[in-house]
Each structure stands twice: as C-alpha cells, then as structure tokens.
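J.: Got a structure for you, query30.tsv, holding TSV, N, CA and C atoms and all ligand atoms.
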```
chain	number	residue	atom	x	y	z
A	7	MET	N	-80.99	-42.41	-11.02
A	7	MET	CA	-80.94	-42.05	-12.44
A	7	MET	C	-80.10	-40.80	-12.64
A	8	ALA	N	-80.31	-39.83	-11.75
A	8	ALA	CA	-79.55	-38.58	-11.89
A	8	ALA	C	-78.05	-38.84	-11.77
A	9	ASP	N	-77.67	-39.78	-10.89
A	9	ASP	CA	-76.26	-40.11	-10.74
A	9	ASP	C	-75.67	-40.65	-12.04
A	10	GLU	N	-76.42	-41.53	-12.73
A	10	GLU	CA	-75.95	-42.11	-13.98
A	10	GLU	C	-75.75	-41.03	-15.03
A	11	VAL	N	-76.68	-40.10	-15.08
A	11	VAL	CA	-76.57	-38.99	-16.04
A	11	VAL	C	-75.33	-38.15	-15.71
A	12	ASP	N	-75.13	-37.89	-14.42
A	12	ASP	CA	-73.96	-37.10	-14.01
A	12	ASP	C	-72.66	-37.81	-14.39
A	13	ILE	N	-72.61	-39.12	-14.14
A	13	ILE	CA	-71.41	-39.89	-14.48
A	13	ILE	C	-71.18	-39.89	-15.98
A	14	ALA	N	-72.26	-40.09	-16.74
A	14	ALA	CA	-72.14	-40.10	-18.20
A	14	ALA	C	-71.64	-38.76	-18.70
A	15	ASP	N	-72.16	-37.69	-18.11
A	15	ASP	CA	-71.75	-36.35	-18.52
A	15	ASP	C	-70.28	-36.12	-18.19
A	16	GLU	N	-69.87	-36.60	-17.02
A	16	GLU	CA	-68.48	-36.42	-16.60
A	16	GLU	C	-67.52	-37.19	-17.51
A	17	VAL	N	-67.87	-38.42	-17.85
A	17	VAL	CA	-67.04	-39.23	-18.74
A	17	VAL	C	-66.97	-38.58	-20.12
A	18	ALA	N	-68.12	-38.17	-20.63
A	18	ALA	CA	-68.16	-37.55	-21.95
A	18	ALA	C	-67.34	-36.27	-21.97
A	19	GLU	N	-67.43	-35.49	-20.91
A	19	GLU	CA	-66.68	-34.23	-20.82
A	19	GLU	C	-65.18	-34.49	-20.81
A	20	THR	N	-64.75	-35.52	-20.07
A	20	THR	CA	-63.34	-35.87	-20.01
A	20	THR	C	-62.82	-36.27	-21.39
A	21	ILE	N	-63.59	-37.08	-22.09
A	21	ILE	CA	-63.19	-37.52	-23.44
A	21	ILE	C	-63.15	-36.33	-24.37
A	22	LEU	N	-64.16	-35.48	-24.29
A	22	LEU	CA	-64.21	-34.30	-25.17
A	22	LEU	C	-62.99	-33.41	-24.93
A	23	GLN	N	-62.65	-33.19	-23.66
A	23	GLN	CA	-61.51	-32.33	-23.35
A	23	GLN	C	-60.22	-32.92	-23.92
A	24	ALA	N	-60.07	-34.23	-23.85
A	24	ALA	CA	-58.89	-34.89	-24.40
A	24	ALA	C	-58.84	-34.72	-25.91
A	25	GLN	N	-60.01	-34.84	-26.56
A	25	GLN	CA	-60.06	-34.66	-28.02
A	25	GLN	C	-59.73	-33.23	-28.41
A	26	ILE	N	-60.25	-32.28	-27.64
A	26	ILE	CA	-59.98	-30.86	-27.94
A	26	ILE	C	-58.49	-30.57	-27.77
A	27	GLU	N	-57.92	-31.09	-26.70
A	27	GLU	CA	-56.50	-30.87	-26.44
A	27	GLU	C	-55.65	-31.43	-27.58
A	28	ARG	N	-56.01	-32.61	-28.04
A	28	ARG	CA	-55.27	-33.23	-29.15
A	28	ARG	C	-55.41	-32.38	-30.42
A	29	ALA	N	-56.63	-31.89	-30.69
A	29	ALA	CA	-56.85	-31.08	-31.88
A	29	ALA	C	-56.04	-29.79	-31.81
A	30	ARG	N	-55.97	-29.19	-30.61
A	30	ARG	CA	-55.19	-27.95	-30.45
A	30	ARG	C	-53.71	-28.21	-30.72
A	31	LYS	N	-53.21	-29.30	-30.19
A	31	LYS	CA	-51.79	-29.62	-30.39
A	31	LYS	C	-51.49	-29.85	-31.87
A	32	GLU	N	-52.43	-30.52	-32.56
A	32	GLU	CA	-52.24	-30.76	-33.99
A	32	GLU	C	-52.21	-29.44	-34.75
A	33	GLN	N	-53.08	-28.52	-34.36
A	33	GLN	CA	-53.14	-27.23	-35.04
A	33	GLN	C	-51.85	-26.44	-34.80
A	34	GLU	N	-51.36	-26.45	-33.55
A	34	GLU	CA	-50.13	-25.73	-33.24
A	34	GLU	C	-48.94	-26.33	-33.98
A	35	ALA	N	-49.01	-27.64	-34.23
A	35	ALA	CA	-47.90	-28.33	-34.86
A	35	ALA	C	-47.86	-28.14	-36.38
A	36	VAL	N	-48.90	-27.49	-36.92
A	36	VAL	CA	-48.95	-27.31	-38.36
A	36	VAL	C	-47.84	-26.35	-38.80
A	37	THR	N	-47.00	-26.82	-39.70
A	37	THR	CA	-45.91	-25.99	-40.19
A	37	THR	C	-46.01	-25.84	-41.70
A	38	ALA	N	-45.32	-24.84	-42.21
A	38	ALA	CA	-45.31	-24.60	-43.65
A	38	ALA	C	-44.63	-25.76	-44.37
A	39	THR	N	-45.25	-26.16	-45.48
A	39	THR	CA	-44.72	-27.30	-46.24
A	39	THR	C	-44.24	-26.89	-47.63
A	40	GLY	N	-44.48	-25.61	-47.99
A	40	GLY	CA	-44.18	-25.19	-49.36
A	40	GLY	C	-45.43	-25.29	-50.23
A	41	TYR	N	-46.50	-25.85	-49.66
A	41	TYR	CA	-47.77	-25.97	-50.37
A	41	TYR	C	-48.87	-25.41	-49.47
A	42	CYS	N	-49.89	-24.81	-50.09
A	42	CYS	CA	-51.02	-24.27	-49.33
A	42	CYS	C	-51.72	-25.40	-48.58
A	43	LEU	N	-51.95	-25.20	-47.30
A	43	LEU	CA	-52.59	-26.24	-46.48
A	43	LEU	C	-54.07	-26.42	-46.84
A	44	SER	N	-54.63	-25.42	-47.53
A	44	SER	CA	-56.04	-25.50	-47.88
A	44	SER	C	-56.25	-26.07	-49.27
A	45	CYS	N	-55.60	-25.47	-50.28
A	45	CYS	CA	-55.88	-25.88	-51.67
A	45	CYS	C	-54.75	-26.72	-52.28
A	46	GLY	N	-53.59	-26.75	-51.64
A	46	GLY	CA	-52.51	-27.60	-52.12
A	46	GLY	C	-51.62	-26.98	-53.18
A	47	GLU	N	-51.87	-25.70	-53.52
A	47	GLU	CA	-51.03	-25.04	-54.52
A	47	GLU	C	-49.63	-24.79	-53.96
A	48	PRO	N	-48.60	-24.91	-54.81
A	48	PRO	CA	-47.24	-24.60	-54.34
A	48	PRO	C	-47.13	-23.13	-53.95
A	49	ILE	N	-46.37	-22.84	-52.88
A	49	ILE	CA	-46.17	-21.47	-52.42
A	49	ILE	C	-44.68	-21.16	-52.51
A	50	ALA	N	-44.36	-20.05	-53.18
A	50	ALA	CA	-42.95	-19.68	-53.37
A	50	ALA	C	-42.28	-19.36	-52.03
A	51	ASP	N	-43.01	-18.65	-51.15
A	51	ASP	CA	-42.48	-18.30	-49.83
A	51	ASP	C	-42.66	-19.50	-48.89
A	52	SER	N	-41.59	-20.18	-48.59
A	52	SER	CA	-41.68	-21.44	-47.83
A	52	SER	C	-42.08	-21.25	-46.37
A	53	THR	N	-42.16	-19.99	-45.89
A	53	THR	CA	-42.56	-19.76	-44.50
A	53	THR	C	-44.08	-19.61	-44.37
A	54	ARG	N	-44.77	-19.46	-45.52
A	54	ARG	CA	-46.23	-19.28	-45.49
A	54	ARG	C	-46.93	-20.63	-45.52
A	55	ARG	N	-48.09	-20.70	-44.86
A	55	ARG	CA	-48.85	-21.96	-44.81
A	55	ARG	C	-50.04	-21.97	-45.77
A	56	TRP	N	-50.48	-20.78	-46.19
A	56	TRP	CA	-51.61	-20.68	-47.11
A	56	TRP	C	-51.23	-19.71	-48.22
A	57	CYS	N	-51.85	-19.86	-49.40
A	57	CYS	CA	-51.50	-18.96	-50.50
A	57	CYS	C	-52.13	-17.59	-50.33
A	58	ASP	N	-53.29	-17.51	-49.67
A	58	ASP	CA	-53.90	-16.20	-49.41
A	58	ASP	C	-54.86	-16.28	-48.21
A	59	ALA	N	-55.45	-15.13	-47.88
A	59	ALA	CA	-56.33	-15.07	-46.71
A	59	ALA	C	-57.56	-15.95	-46.89
A	60	ASP	N	-58.05	-16.06	-48.14
A	60	ASP	CA	-59.23	-16.90	-48.38
A	60	ASP	C	-58.94	-18.35	-48.02
A	61	CYS	N	-57.77	-18.84	-48.44
A	61	CYS	CA	-57.41	-20.22	-48.14
A	61	CYS	C	-57.23	-20.42	-46.63
A	62	ARG	N	-56.62	-19.43	-45.98
A	62	ARG	CA	-56.46	-19.52	-44.52
A	62	ARG	C	-57.83	-19.57	-43.85
A	63	ASP	N	-58.76	-18.70	-44.29
A	63	ASP	CA	-60.10	-18.68	-43.70
A	63	ASP	C	-60.82	-20.01	-43.92
A	64	ASP	N	-60.67	-20.57	-45.14
A	64	ASP	CA	-61.30	-21.87	-45.43
A	64	ASP	C	-60.75	-22.94	-44.50
A	65	TRP	N	-59.44	-22.91	-44.29
A	65	TRP	CA	-58.78	-23.91	-43.44
A	65	TRP	C	-59.27	-23.78	-41.99
A	66	GLU	N	-59.36	-22.52	-41.51
A	66	GLU	CA	-59.83	-22.29	-40.13
A	66	GLU	C	-61.29	-22.71	-39.97
A	67	LEU	N	-62.07	-22.49	-41.02
A	67	LEU	CA	-63.48	-22.91	-41.01
A	67	LEU	C	-63.57	-24.43	-40.88
A	68	LEU	N	-62.71	-25.11	-41.62
A	68	LEU	CA	-62.69	-26.58	-41.55
A	68	LEU	C	-62.33	-27.03	-40.14
A	69	LYS	N	-61.39	-26.35	-39.51
A	69	LYS	CA	-61.01	-26.70	-38.13
A	69	LYS	C	-62.18	-26.45	-37.18
A	70	ALA	N	-62.91	-25.35	-37.41
A	70	ALA	CA	-64.07	-25.04	-36.57
A	70	ALA	C	-65.13	-26.12	-36.73
A	71	GLU	N	-65.31	-26.61	-37.97
A	71	GLU	CA	-66.27	-27.69	-38.23
A	71	GLU	C	-65.86	-28.93	-37.43
A	72	THR	N	-64.57	-29.19	-37.39
A	72	THR	CA	-64.06	-30.34	-36.66
A	72	THR	C	-64.39	-30.21	-35.18
A	73	ARG	N	-64.22	-29.01	-34.65
A	73	ARG	CA	-64.53	-28.79	-33.23
A	73	ARG	C	-66.02	-28.98	-32.96
A	74	ARG	N	-66.86	-28.53	-33.91
A	74	ARG	CA	-68.30	-28.71	-33.76
A	74	ARG	C	-68.64	-30.20	-33.77
A	75	ASP	N	-67.94	-30.95	-34.64
A	75	ASP	CA	-68.15	-32.40	-34.69
A	75	ASP	C	-67.83	-33.03	-33.33
A	76	LEU	N	-66.80	-32.52	-32.66
A	76	LEU	CA	-66.43	-33.05	-31.35
A	76	LEU	C	-67.56	-32.82	-30.35
A	77	SER	N	-68.20	-31.67	-30.43
A	77	SER	CA	-69.31	-31.38	-29.52
A	77	SER	C	-70.46	-32.35	-29.77
A	78	GLU	N	-70.71	-32.64	-31.05
A	78	GLU	CA	-71.77	-33.58	-31.37
A	78	GLU	C	-71.40	-34.98	-30.90
A	79	THR	N	-70.12	-35.31	-30.97
A	79	THR	CA	-69.65	-36.60	-30.47
A	79	THR	C	-69.96	-36.73	-28.99
A	80	LYS	N	-69.74	-35.63	-28.26
A	80	LYS	CA	-70.01	-35.66	-26.82
A	80	LYS	C	-71.50	-35.92	-26.57
A	81	ALA	N	-72.35	-35.26	-27.31
A	81	ALA	CA	-73.80	-35.44	-27.14
A	81	ALA	C	-74.19	-36.88	-27.47
A	82	ASP	N	-73.63	-37.42	-28.56
A	82	ASP	CA	-73.92	-38.81	-28.93
A	82	ASP	C	-73.46	-39.76	-27.85
A	83	LEU	N	-72.27	-39.51	-27.34
A	83	LEU	CA	-71.69	-40.37	-26.31
A	83	LEU	C	-72.53	-40.34	-25.04
A	84	THR	N	-72.99	-39.16	-24.67
A	84	THR	CA	-73.82	-39.03	-23.47
A	84	THR	C	-75.10	-39.84	-23.63
A	85	ARG	N	-75.73	-39.73	-24.81
A	85	ARG	CA	-76.96	-40.50	-25.06
A	85	ARG	C	-76.66	-41.99	-24.97
A	86	TRP	N	-75.54	-42.42	-25.53
A	86	TRP	CA	-75.19	-43.84	-25.54
A	86	TRP	C	-74.95	-44.35	-24.13
A	87	ILE	N	-74.23	-43.59	-23.33
A	87	ILE	CA	-73.91	-44.02	-21.96
A	87	ILE	C	-75.18	-44.10	-21.12
A	88	VAL	N	-76.06	-43.13	-21.28
A	88	VAL	CA	-77.31	-43.11	-20.51
A	88	VAL	C	-78.15	-44.33	-20.86
A	89	ARG	N	-78.14	-44.72	-22.15
A	89	ARG	CA	-78.94	-45.85	-22.60
A	89	ARG	C	-78.40	-47.18	-22.04
A	90	VAL	N	-77.07	-47.29	-21.90
A	90	VAL	CA	-76.45	-48.56	-21.50
A	90	VAL	C	-76.67	-48.86	-20.04
B	1	ZN	ZN	-54.51	-21.99	-51.25
```
For the structure just supplied, provide its representation as structure tokens.
T.:
Amino acid sequence: MADEVDIADEVAETILQAQIERARKEQEAVTATGYCLSCGEPIADSTRRWCDADCRDDWELLKAETRRDLSETKADLTRWIVRV
C-alpha cells in the first residue's frame, strides 16, 4: 500500500511541476498590449502592463490563486490515484 501511495505522490508531483513550469512561462511571456491586463482599460504608455499598482496587485493575486488551485489539483489527483 505504501508503494502505491509513493507512486501516486510521485506522479502527482511530476504533473504539478509541469503545470507550474507552464504557468511560469505564461507569466514571463506576458507583454504590454496597450490595455491594462487586470481591468482592460486603455493605457497611454504602451510599455506598461497595468494602469496602476492596484491593478498589478490584483493581477498577481489572481496568479497566486491559480497556483493554489494547482496545489489542490495535486491533492485531488493523489486521492484519485490512491483510490484506483
Ligand atoms: Zn487597470
């Protein structure tokens, strides 16, 4: 039984790491579009990604929520693998 749990944990960890890596690459690839990435308002300075610090903080919070979701996915996956 312990072996199955170890294998499930290893598989889940591998998937989680792949998801985290993909999320990091997506975040690094985010470029300025001329619109705030958080609220969608047009930004006069085309090099900026957010209209202000509040919007940037909101956007980073959303990304943190996404990362937390990934952790929960790992826990769900581990439970599923152990059950199967
Ligand atoms: Zn904004």
J.: Near Ser52 in chain A, within 8 Å and counting all atoms listed in the file, which residues show up once chain neighbours fewer than 4 positions away are dropped, as a ChimeraX atom specification?
T.: /A:37-41
J.: Kindly compile the residues surrounding ligand ZN 1 (chain B) within 6 Å, counting all atoms listed in the file, and format them as an MDAnalysis selection string.
T.: chainID A and resid 42:47 56:58 61
J.: Within 12 Å of (-68.7, -35.3, -30.3), only C-alpha atoms: residues as a list in words?
T.: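 I get Ala18, Glu19, Thr20, Ile21, Leu22, Gln23, Ala24, Gln25, Ile26, Glu71, Thr72, Arg73, Arg74, Asp75, Leu76, Ser77, Glu78, Thr79, Lys80, Ala81, Asp82, Leu83, Thr84, Arg85 and Trp86 of chain A for the residues within 12 Å of that point.
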J.: Please run DSSP on the backbone and report, as an MDAnalysis selection string, all residues within chain A that come out as alpha helix (DSSP H).
T.: chainID A and resid 8:34 59:89
J.: Set up a box along x, y and z of the file covering all listed atoms of range 40-59 of chain A, add 4 Å on every one of the six sides, and write the centre and edge lengths in Å to one decimal, as AutoDock Vina command-line options.
T.:
```
--center_x -49.6 --center_y -21.3 --center_z -49.6 --size_x 24.0 --size_y 20.5 --size_z 18.4
```
J.: What does the distance between CA of Ala59 in chain A and atom C of Ala35 in chain A come to in Å, to one decimal place?
T.: 18.7 Å
J.: Just how far from CA of Arg55 in chain A is CA of Val36 in chain A, in Å to one decimal?
T.: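 The value is 8.4 Å.
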J.: Suppose you want the space between atom N of Ile87 in chain A and atom N of Ala14 in chain A; what is it in Å?
T.: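 Computing the Euclidean distance for atom N of Ile87 in chain A and atom N of Ala14 in chain A yields 7.7 Å.
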